Amino acid sequence: MSERWAATSRLWRESVLVAGKDLRIEMRSRVAVQQILAFGAIVILLFAFALDPSRGLLPRVAPGLFWITVLLSALLAISRAFAVEAENGALDGLRMSGLDGAAVFLGKTAAIAVQLIVLEVVLAVGVFVLYDVRVVGLLALVPAALAATAGIAAAGTVYGALAGGLRQRETLIPLLVLPVVAPVMIGGTRAFEAALGGTTSQAWPWVQLLTVFAVVYVTMGVLAFGPLLEES
Amino acid sequence: MNTIKRVPWLGAAVVVSLAATALMALVIAPSDASQGDAQRLMYLHVPAAWLAYLAFAVTAIASVLWLVPRTRSITWDLLAGASAEVGVLFTGLTLAMGSIWGRPIWGSWWEWDARLTTTAVLFFLYLGYLALRRAGGSPDARARRSALAALVAFVDVPIVHFSVNWFATLHQQGTVFNAKMQVEISGTMAATLVLAVIAFTLLYGYLVVRRMELLRLEEGFEERELARAIAERIAQESPEMPAGVEMETV
């Protein structure tokens with residue numbers, strides 16, 4: 001019993017360590033804030049140009065546009081999280097550190113998720129201001145966003161690690177991640193539509209779907225990351 | 001390593017069964033009462049879809065066999081790759097033929113039907129898998145990466161299917177597709193379909209065997225070329241070796 005407790009607390013400590021490392025890199029390099037966040041904001045702006053704001057279309061399609069923007073920005077964050085490891089043999093350092101593969105996975109996933117949550121808050125404000133969306137049903141919006149974010153971060157980290165050491169990383173990651181997160185796109189959009197449309201009860205099945213997706217990919221990552229890191 | 005597996009008997013069986021299918025489907029089977037000749041596309045569409053799913057299942061199983069240390073062998077990796085290639089090809093054909101059939105029957109090239117949409121996502125999932133396979137690295141690294149990617153993709157299939165199903169049914173009740181497929185088929189039509197499925201399965205076997213063979217040869221190619229280059233360099237070793245070339249590094 002105490003042994004299992006020790007293992008769990010070690011996993012937890014190591015995950016926090018890896019997440020802290022990644023977030024510290026982002027804090028110092030400011031790539032996430034200066035580039036990824038700005039990228040998301042300009043996409044939100046461009047959608048308004050494409051869909052003529054005067055026709056009243058934007059409030060209706062806002063959930064879909066929001067999640068598309070999050071996904072596109074997430075691709076950048078995922079690429080970035082593994083580009084950092086590819087430089088200066090950092091990945092070898094990570095392998096030699098003796099950290100548990102599962103902890104590396106959980107840490108990197110958490111770091112990406114934290115960045116995405118910050119991004120989502122900023123984008124949500126942008127959508128609220130620019131698209132004239134009335135925000136209702138926060139009680140469903142927040143869990144839906146959290147579950148979707150966990151799913152995107154977990155699936156993204158798995159594929160980021162699969163393609164991370166390869167020279168074709170930048171083009172491979174979008175092709176690999178986007179089809180896999182299609183259910184998140186569907187679930188996130190429908191949940192947001194239901195919540196914003198005032199029918200919160202219809203959002204719950206989608207939140208459940210998003211949660212199942214997140215749980216499946218966190219589990220996959222925890223199981224697969226050990227062998228994944230061994231790859232040279 | 002030097003003999004090439006050609007399986008001519010399987011190739012012959014494929015040609016004969018496909019010819020018989022063409023004859024049955026185009027000439028012998030009656031045209032459908034409600035859909036007319038457009039229905040004949042079913043004899044290709046259904047077996048192609050079956051092949052696509054069979055191929056991806058084989059890829060998943062081969063990937064597991066590679067990952068289990070006791071059964072690890074390069075053959076499983078090659079099988080997974082070959083099967084996925086054939087699967088992607090037939091998924092593309094399924095979509096194209098479905099679309100061609102949908103135009104006269106539904107009146108549109110595409111419907112956001114659950115099965116269609118799932119198949120489209122599947123197509124891109126495995127396109128990504130093939131791209132990842134081609135991204136270089138040692139055979140072992142590639143096999144490990146590909147096997148894990150195949151499983152990650154395979155796990156996604158039921159989730160995609162489920163979410164798309166929900167998405168489609170919430171937006172359009174009772175698609176045409178389901179209604180049409182309820183039409184009972186019997187007699188010559190059923191026989192033709194069974195024959196087509198058998199012919200396509202043989203075709204799958206043939207394509208996979210040949211693709212595996214090609215992948216195996218590609219694998220050996222680099223090693224053999226390297227060995228040949230080294231042998232050549234050693235053979236021509238002489239006092240006037242080109243400057244800057246160090247034998248020790250070879």
# chains A, B, ... in the order shown; residues from 1 in each chain; ligands from 1
>>> interface_residues(of="chain B", to="chain A", cutoff="9 Å", atoms="only C-alpha atoms", output="ChimeraX atom specification")
/B:121-129,131-132,135-138,140-142,144-146,148-149,152-153,155-157,159-164,167
>>> write_last_selection(atoms="C-alpha atoms", output="PDB file, in the first residue's frame")
ATOM      1  CA  VAL B 121     -11.604  10.501 -41.371  1.00  0.00           C
ATOM      2  CA  LEU B 122     -10.184   6.973 -41.542  1.00  0.00           C
ATOM      3  CA  PHE B 123      -8.629   7.800 -44.907  1.00  0.00           C
ATOM      4  CA  PHE B 124      -6.722  10.737 -43.444  1.00  0.00           C
ATOM      5  CA  LEU B 125      -5.786   8.851 -40.260  1.00  0.00           C
ATOM      6  CA  TYR B 126      -3.981   6.184 -42.267  1.00  0.00           C
ATOM      7  CA  LEU B 127      -2.592   8.644 -44.793  1.00  0.00           C
ATOM      8  CA  GLY B 128      -0.810  10.163 -41.796  1.00  0.00           C
ATOM      9  CA  TYR B 129       0.340   6.715 -40.714  1.00  0.00           C
ATOM     10  CA  ALA B 131       3.583   9.482 -44.099  1.00  0.00           C
ATOM     11  CA  LEU B 132       5.054   8.644 -40.691  1.00  0.00           C
ATOM     12  CA  ALA B 135       9.824   9.689 -42.551  1.00  0.00           C
ATOM     13  CA  GLY B 136      13.147   7.893 -42.318  1.00  0.00           C
ATOM     14  CA  GLY B 137      15.243   6.513 -39.479  1.00  0.00           C
ATOM     15  CA  SER B 138      16.558   3.037 -38.827  1.00  0.00           C
ATOM     16  CA  ASP B 140      13.878  -0.632 -35.935  1.00  0.00           C
ATOM     17  CA  ALA B 141      12.985   2.949 -35.047  1.00  0.00           C
ATOM     18  CA  ARG B 142      10.541   3.077 -37.923  1.00  0.00           C
ATOM     19  CA  ARG B 144       8.485   0.959 -33.286  1.00  0.00           C
ATOM     20  CA  ARG B 145       7.122   4.366 -34.264  1.00  0.00           C
ATOM     21  CA  SER B 146       4.772   2.878 -36.863  1.00  0.00           C
ATOM     22  CA  LEU B 148       2.587   2.617 -31.875  1.00  0.00           C
ATOM     23  CA  ALA B 149       1.039   5.024 -34.393  1.00  0.00           C
ATOM     24  CA  VAL B 152      -3.116   5.052 -31.579  1.00  0.00           C
ATOM     25  CA  ALA B 153      -4.975   5.446 -34.868  1.00  0.00           C
ATOM     26  CA  VAL B 155      -8.150   3.197 -31.000  1.00  0.00           C
ATOM     27  CA  ASP B 156      -9.496   6.384 -32.546  1.00  0.00           C
ATOM     28  CA  VAL B 157     -11.699   4.557 -35.066  1.00  0.00           C
ATOM     29  CA  ILE B 159     -14.471   7.106 -31.088  1.00  0.00           C
ATOM     30  CA  VAL B 160     -14.640   8.756 -34.504  1.00  0.00           C
ATOM     31  CA  HIS B 161     -17.428   6.420 -35.551  1.00  0.00           C
ATOM     32  CA  PHE B 162     -19.384   7.105 -32.388  1.00  0.00           C
ATOM     33  CA  SER B 163     -19.004  10.880 -32.481  1.00  0.00           C
ATOM     34  CA  VAL B 164     -19.748  11.119 -36.192  1.00  0.00           C
ATOM     35  CA  PHE B 167     -23.217  14.241 -35.131  1.00  0.00           C
TER      36      PHE B 167
END
>>> residues_around(residues="segment 49-62 of chain B", least_positions_apart="2", cutoff="8 Å", atoms="only C-alpha atoms", output="list of chain:residue names")
B:His45, B:Val46, B:Pro47, B:Val64, B:Leu65, B:Trp66, B:Trp76, B:Asp77, B:Leu79, B:Ala80, B:Gly81, B:Ser83, B:Ala84, B:Val86, B:Gly87, B:Val88, B:Leu89, B:Phe90, B:Thr91, B:Thr94, B:Ala147, B:Ala150, B:Leu151, B:Phe154, B:Val197, B:Phe200, B:Thr201, B:Tyr204
>>> write_last_selection(atoms="C-alpha atoms", output="JSON list (two decimals), in the first residue's frame")
[["chain", "number", "residue", "atom", "x", "y", "z"],
["B", 45, "HIS", "CA", -18.15, -0.46, -53.51],
["B", 46, "VAL", "CA", -19.06, -3.02, -50.86],
["B", 47, "PRO", "CA", -16.01, -5.28, -51.36],
["B", 64, "VAL", "CA", 0.70, -5.65, -31.88],
["B", 65, "LEU", "CA", 2.70, -8.69, -32.96],
["B", 66, "TRP", "CA", 5.71, -6.44, -33.59],
["B", 76, "TRP", "CA", 5.20, -7.92, -39.02],
["B", 77, "ASP", "CA", 6.35, -4.38, -39.63],
["B", 79, "LEU", "CA", 3.01, -6.58, -43.26],
["B", 80, "ALA", "CA", 1.58, -3.64, -41.29],
["B", 81, "GLY", "CA", 2.99, -1.18, -43.81],
["B", 83, "SER", "CA", -1.57, -3.70, -45.51],
["B", 84, "ALA", "CA", -2.02, -0.02, -44.61],
["B", 86, "VAL", "CA", -3.56, -1.27, -49.69],
["B", 87, "GLY", "CA", -6.10, -0.12, -47.09],
["B", 88, "VAL", "CA", -5.62, 3.56, -47.90],
["B", 89, "LEU", "CA", -5.92, 2.81, -51.61],
["B", 90, "PHE", "CA", -9.19, 0.97, -51.12],
["B", 91, "THR", "CA", -10.55, 3.52, -48.68],
["B", 94, "THR", "CA", -14.62, 3.31, -51.58],
["B", 147, "ALA", "CA", 3.46, 0.13, -34.61],
["B", 150, "ALA", "CA", -1.07, 2.23, -35.88],
["B", 151, "LEU", "CA", -2.48, 1.41, -32.46],
["B", 154, "PHE", "CA", -6.89, 2.19, -34.44],
["B", 197, "VAL", "CA", -15.91, -9.99, -52.06],
["B", 200, "PHE", "CA", -11.29, -8.48, -53.83],
["B", 201, "THR", "CA", -9.98, -10.47, -50.87],
["B", 204, "TYR", "CA", -5.84, -7.86, -51.28]]
>>> select_by_dssp(residues="segment 13-240 of chain B", states="alpha helix (DSSP H)", output="ChimeraX atom specification")
/B:13-23,42-67,74-106,114-133,139-171,176-181,188-235
>>> atom_distance(atom1="atom CA of Ala110 of chain A", atom2="atom CA of Val122 of chain A")
18.5 Å
>>> closest_residue(among="A:Val207, A:Ala90, A:Leu116, A:Val33", to="Thr69 of chain A", atoms="only C-alpha atoms")
A:Leu116
>>> atom_distance(atom1="atom CA of Ala20 of chain B", atom2="atom CA of Val7 of chain B")
20.4 Å
>>> residues_around(residues="Gly56 of chain A", least_positions_apart="6", cutoff="12 Å", atoms="only C-alpha atoms", output="PDB file with C-alpha atoms, in the first residue's frame")
ATOM      1  CA  ALA A  48     -14.547  37.670 -39.469  1.00  0.00           C
ATOM      2  CA  ALA A  62     -18.566  31.075 -33.322  1.00  0.00           C
ATOM      3  CA  LEU A 130     -15.550  40.579 -32.018  1.00  0.00           C
ATOM      4  CA  TYR A 131     -18.284  38.062 -32.848  1.00  0.00           C
ATOM      5  CA  ASP A 132     -21.010  39.510 -30.642  1.00  0.00           C
ATOM      6  CA  VAL A 133     -21.600  36.230 -28.790  1.00  0.00           C
TER       7      VAL A 133
END
>>> residues_around(residues="Ala194 of chain A", least_positions_apart="6", cutoff="6 Å", atoms="only C-alpha atoms", output="VMD selection string")
chain A and resid 200 202 to 203
>>> residues_around(residues="Ser201 of chain A", least_positions_apart="5", cutoff="12 Å", atoms="only C-alpha atoms", output="PyMOL selection string")
chain A and resi 137+139-141+190-196+206-208
>>> write_last_selection(atoms="N, CA and C atoms", output="tab-separated table (two decimals), in the first residue's frame")
chain	number	residue	atom	x	y	z
A	137	GLY	N	-24.56	29.70	-20.07
A	137	GLY	CA	-24.24	28.28	-19.86
A	137	GLY	C	-22.79	28.02	-19.53
A	139	LEU	N	-21.59	26.92	-16.98
A	139	LEU	CA	-21.48	25.68	-16.22
A	139	LEU	C	-21.17	24.49	-17.13
A	140	ALA	N	-21.59	24.58	-18.40
A	140	ALA	CA	-21.28	23.51	-19.37
A	140	ALA	C	-20.06	23.88	-20.20
A	141	LEU	N	-19.87	25.17	-20.46
A	141	LEU	CA	-18.76	25.60	-21.30
A	141	LEU	C	-17.41	25.22	-20.69
A	190	ARG	N	-20.22	21.04	-30.70
A	190	ARG	CA	-21.63	20.77	-30.35
A	190	ARG	C	-21.91	21.16	-28.89
A	191	ALA	N	-20.97	20.86	-28.02
A	191	ALA	CA	-21.17	21.20	-26.60
A	191	ALA	C	-21.30	22.72	-26.45
A	192	PHE	N	-20.44	23.46	-27.14
A	192	PHE	CA	-20.48	24.92	-27.05
A	192	PHE	C	-21.78	25.46	-27.65
A	193	GLU	N	-22.19	24.88	-28.77
A	193	GLU	CA	-23.43	25.33	-29.40
A	193	GLU	C	-24.61	25.14	-28.46
A	194	ALA	N	-24.64	23.97	-27.82
A	194	ALA	CA	-25.75	23.67	-26.91
A	194	ALA	C	-25.73	24.63	-25.73
A	195	ALA	N	-24.53	24.85	-25.16
A	195	ALA	CA	-24.43	25.71	-23.98
A	195	ALA	C	-24.80	27.15	-24.34
A	196	LEU	N	-24.28	27.65	-25.44
A	196	LEU	CA	-24.54	29.04	-25.84
A	196	LEU	C	-25.98	29.22	-26.32
A	206	TRP	N	-22.01	15.44	-25.02
A	206	TRP	CA	-20.78	15.80	-25.72
A	206	TRP	C	-19.62	15.95	-24.74
A	207	VAL	N	-19.92	16.49	-23.57
A	207	VAL	CA	-18.87	16.60	-22.55
A	207	VAL	C	-18.37	15.20	-22.17
A	208	GLN	N	-19.33	14.27	-22.09
A	208	GLN	CA	-18.94	12.89	-21.78
A	208	GLN	C	-18.05	12.30	-22.86
>>> closest_residue(among="B:Ile105, B:Ala120, B:Ala22, B:Ile230", to="Gly92 of chain B", atoms="only C-alpha atoms")
B:Ala120
>>> residues_around(residues="Ala77 of chain A", least_positions_apart="5", cutoff="10 Å", atoms="only C-alpha atoms", output="count of residues only")
19
>>> closest_residue(among="B:Ala229, B:Ala48, B:Leu78, B:Leu41", to="Leu217 of chain B", atoms="only C-alpha atoms")
B:Leu78
>>> residues_around(residues="segment 14-21 of chain A", least_positions_apart="2", cutoff="10 Å", atoms="only C-alpha atoms", output="MDAnalysis selection string")
chainID A and resid 8:12 23:27 94 98:114
>>> write_last_selection(atoms="C-alpha atoms", output="CSV table (one decimal), in the first residue's frame")
chain,number,residue,atom,x,y,z
A,8,THR,CA,2.2,7.5,-7.3
A,9,SER,CA,3.7,10.4,-5.5
A,10,ARG,CA,7.0,10.0,-7.4
A,11,LEU,CA,5.1,9.9,-10.7
A,12,TRP,CA,3.3,13.1,-9.6
A,23,LEU,CA,6.4,26.0,-18.9
A,24,ARG,CA,9.6,27.7,-17.7
A,25,ILE,CA,11.1,27.4,-21.2
A,26,GLU,CA,7.9,29.0,-22.7
A,27,MET,CA,7.9,31.8,-20.1
A,94,LEU,CA,15.5,13.4,-20.9
A,98,GLY,CA,15.9,8.4,-15.2
A,99,LEU,CA,12.4,10.0,-15.3
A,100,ASP,CA,9.5,7.6,-15.8
A,101,GLY,CA,8.2,7.7,-19.4
A,102,ALA,CA,4.7,8.1,-18.1
A,103,ALA,CA,5.8,11.1,-16.1
A,104,VAL,CA,7.4,12.7,-19.1
A,105,PHE,CA,4.2,12.2,-21.0
A,106,LEU,CA,2.0,13.6,-18.2
A,107,GLY,CA,4.3,16.6,-17.7
A,108,LYS,CA,4.5,17.5,-21.4
A,109,THR,CA,0.7,17.0,-21.8
A,110,ALA,CA,0.1,19.2,-18.7
A,111,ALA,CA,2.4,22.0,-20.1
A,112,ILE,CA,0.6,22.0,-23.4
A,113,ALA,CA,-2.8,21.9,-21.7
A,114,VAL,CA,-1.9,24.9,-19.5
>>> decode(residues="segment 48-76 of chain B", atoms="N, CA and C atoms", output="PDB file, in the first residue's frame")
ATOM      1  N   ALA B  48     -14.808  -3.176 -51.743  1.00  0.00           N
ATOM      2  CA  ALA B  48     -13.707  -2.233 -51.500  1.00  0.00           C
ATOM      3  C   ALA B  48     -13.741  -1.748 -50.051  1.00  0.00           C
ATOM      4  N   ALA B  49     -14.941  -1.459 -49.563  1.00  0.00           N
ATOM      5  CA  ALA B  49     -15.078  -1.021 -48.179  1.00  0.00           C
ATOM      6  C   ALA B  49     -14.663  -2.140 -47.223  1.00  0.00           C
ATOM      7  N   TRP B  50     -15.086  -3.351 -47.528  1.00  0.00           N
ATOM      8  CA  TRP B  50     -14.724  -4.513 -46.714  1.00  0.00           C
ATOM      9  C   TRP B  50     -13.201  -4.647 -46.660  1.00  0.00           C
ATOM     10  N   LEU B  51     -12.562  -4.513 -47.827  1.00  0.00           N
ATOM     11  CA  LEU B  51     -11.100  -4.610 -47.906  1.00  0.00           C
ATOM     12  C   LEU B  51     -10.415  -3.564 -47.060  1.00  0.00           C
ATOM     13  N   ALA B  52     -10.943  -2.346 -47.116  1.00  0.00           N
ATOM     14  CA  ALA B  52     -10.328  -1.254 -46.367  1.00  0.00           C
ATOM     15  C   ALA B  52     -10.309  -1.598 -44.878  1.00  0.00           C
ATOM     16  N   TYR B  53     -11.442  -2.068 -44.365  1.00  0.00           N
ATOM     17  CA  TYR B  53     -11.507  -2.388 -42.938  1.00  0.00           C
ATOM     18  C   TYR B  53     -10.641  -3.604 -42.606  1.00  0.00           C
ATOM     19  N   LEU B  54     -10.666  -4.603 -43.484  1.00  0.00           N
ATOM     20  CA  LEU B  54      -9.819  -5.784 -43.286  1.00  0.00           C
ATOM     21  C   LEU B  54      -8.353  -5.356 -43.215  1.00  0.00           C
ATOM     22  N   ALA B  55      -7.949  -4.488 -44.141  1.00  0.00           N
ATOM     23  CA  ALA B  55      -6.552  -4.072 -44.220  1.00  0.00           C
ATOM     24  C   ALA B  55      -6.119  -3.359 -42.937  1.00  0.00           C
ATOM     25  N   PHE B  56      -6.967  -2.475 -42.418  1.00  0.00           N
ATOM     26  CA  PHE B  56      -6.592  -1.738 -41.216  1.00  0.00           C
ATOM     27  C   PHE B  56      -6.570  -2.651 -39.992  1.00  0.00           C
ATOM     28  N   ALA B  57      -7.452  -3.644 -39.981  1.00  0.00           N
ATOM     29  CA  ALA B  57      -7.433  -4.613 -38.880  1.00  0.00           C
ATOM     30  C   ALA B  57      -6.132  -5.408 -38.924  1.00  0.00           C
ATOM     31  N   VAL B  58      -5.714  -5.818 -40.119  1.00  0.00           N
ATOM     32  CA  VAL B  58      -4.463  -6.562 -40.267  1.00  0.00           C
ATOM     33  C   VAL B  58      -3.280  -5.697 -39.809  1.00  0.00           C
ATOM     34  N   THR B  59      -3.300  -4.416 -40.180  1.00  0.00           N
ATOM     35  CA  THR B  59      -2.234  -3.505 -39.754  1.00  0.00           C
ATOM     36  C   THR B  59      -2.155  -3.442 -38.228  1.00  0.00           C
ATOM     37  N   ALA B  60      -3.318  -3.348 -37.589  1.00  0.00           N
ATOM     38  CA  ALA B  60      -3.339  -3.261 -36.130  1.00  0.00           C
ATOM     39  C   ALA B  60      -2.792  -4.539 -35.507  1.00  0.00           C
ATOM     40  N   ILE B  61      -3.223  -5.700 -36.021  1.00  0.00           N
ATOM     41  CA  ILE B  61      -2.781  -6.977 -35.455  1.00  0.00           C
ATOM     42  C   ILE B  61      -1.277  -7.145 -35.661  1.00  0.00           C
ATOM     43  N   ALA B  62      -0.800  -6.829 -36.872  1.00  0.00           N
ATOM     44  CA  ALA B  62       0.633  -6.960 -37.162  1.00  0.00           C
ATOM     45  C   ALA B  62       1.445  -6.030 -36.259  1.00  0.00           C
ATOM     46  N   SER B  63       0.897  -4.841 -35.986  1.00  0.00           N
ATOM     47  CA  SER B  63       1.597  -3.897 -35.120  1.00  0.00           C
ATOM     48  C   SER B  63       1.729  -4.440 -33.705  1.00  0.00           C
ATOM     49  N   VAL B  64       0.648  -5.052 -33.218  1.00  0.00           N
ATOM     50  CA  VAL B  64       0.701  -5.653 -31.878  1.00  0.00           C
ATOM     51  C   VAL B  64       1.749  -6.761 -31.855  1.00  0.00           C
ATOM     52  N   LEU B  65       1.741  -7.581 -32.906  1.00  0.00           N
ATOM     53  CA  LEU B  65       2.705  -8.690 -32.960  1.00  0.00           C
ATOM     54  C   LEU B  65       4.139  -8.159 -32.977  1.00  0.00           C
ATOM     55  N   TRP B  66       4.364  -7.014 -33.610  1.00  0.00           N
ATOM     56  CA  TRP B  66       5.708  -6.443 -33.588  1.00  0.00           C
ATOM     57  C   TRP B  66       6.058  -5.952 -32.189  1.00  0.00           C
ATOM     58  N   LEU B  67       5.074  -5.353 -31.529  1.00  0.00           N
ATOM     59  CA  LEU B  67       5.350  -4.748 -30.221  1.00  0.00           C
ATOM     60  C   LEU B  67       5.609  -5.784 -29.138  1.00  0.00           C
ATOM     61  N   VAL B  68       4.952  -6.956 -29.247  1.00  0.00           N
ATOM     62  CA  VAL B  68       5.184  -8.007 -28.255  1.00  0.00           C
ATOM     63  C   VAL B  68       6.589  -8.577 -28.488  1.00  0.00           C
ATOM     64  N   PRO B  69       7.480  -8.467 -27.494  1.00  0.00           N
ATOM     65  CA  PRO B  69       8.879  -8.863 -27.721  1.00  0.00           C
ATOM     66  C   PRO B  69       9.037 -10.289 -28.242  1.00  0.00           C
ATOM     67  N   ARG B  70       8.161 -11.198 -27.800  1.00  0.00           N
ATOM     68  CA  ARG B  70       8.321 -12.602 -28.147  1.00  0.00           C
ATOM     69  C   ARG B  70       8.074 -12.866 -29.633  1.00  0.00           C
ATOM     70  N   THR B  71       7.208 -12.049 -30.242  1.00  0.00           N
ATOM     71  CA  THR B  71       6.893 -12.291 -31.657  1.00  0.00           C
ATOM     72  C   THR B  71       7.508 -11.221 -32.557  1.00  0.00           C
ATOM     73  N   ARG B  72       8.386 -10.388 -31.996  1.00  0.00           N
ATOM     74  CA  ARG B  72       8.930  -9.275 -32.782  1.00  0.00           C
ATOM     75  C   ARG B  72       9.731  -9.773 -33.983  1.00  0.00           C
ATOM     76  N   SER B  73       9.327  -9.283 -35.152  1.00  0.00           N
ATOM     77  CA  SER B  73      10.034  -9.646 -36.381  1.00  0.00           C
ATOM     78  C   SER B  73       9.760  -8.569 -37.412  1.00  0.00           C
ATOM     79  N   ILE B  74      10.735  -8.311 -38.250  1.00  0.00           N
ATOM     80  CA  ILE B  74      10.595  -7.265 -39.269  1.00  0.00           C
ATOM     81  C   ILE B  74       9.424  -7.566 -40.205  1.00  0.00           C
ATOM     82  N   THR B  75       9.103  -8.879 -40.339  1.00  0.00           N
ATOM     83  CA  THR B  75       8.000  -9.268 -41.218  1.00  0.00           C
ATOM     84  C   THR B  75       6.693  -8.590 -40.809  1.00  0.00           C
ATOM     85  N   TRP B  76       6.452  -8.521 -39.490  1.00  0.00           N
ATOM     86  CA  TRP B  76       5.198  -7.920 -39.020  1.00  0.00           C
ATOM     87  C   TRP B  76       5.145  -6.444 -39.381  1.00  0.00           C
TER      88      TRP B  76
END
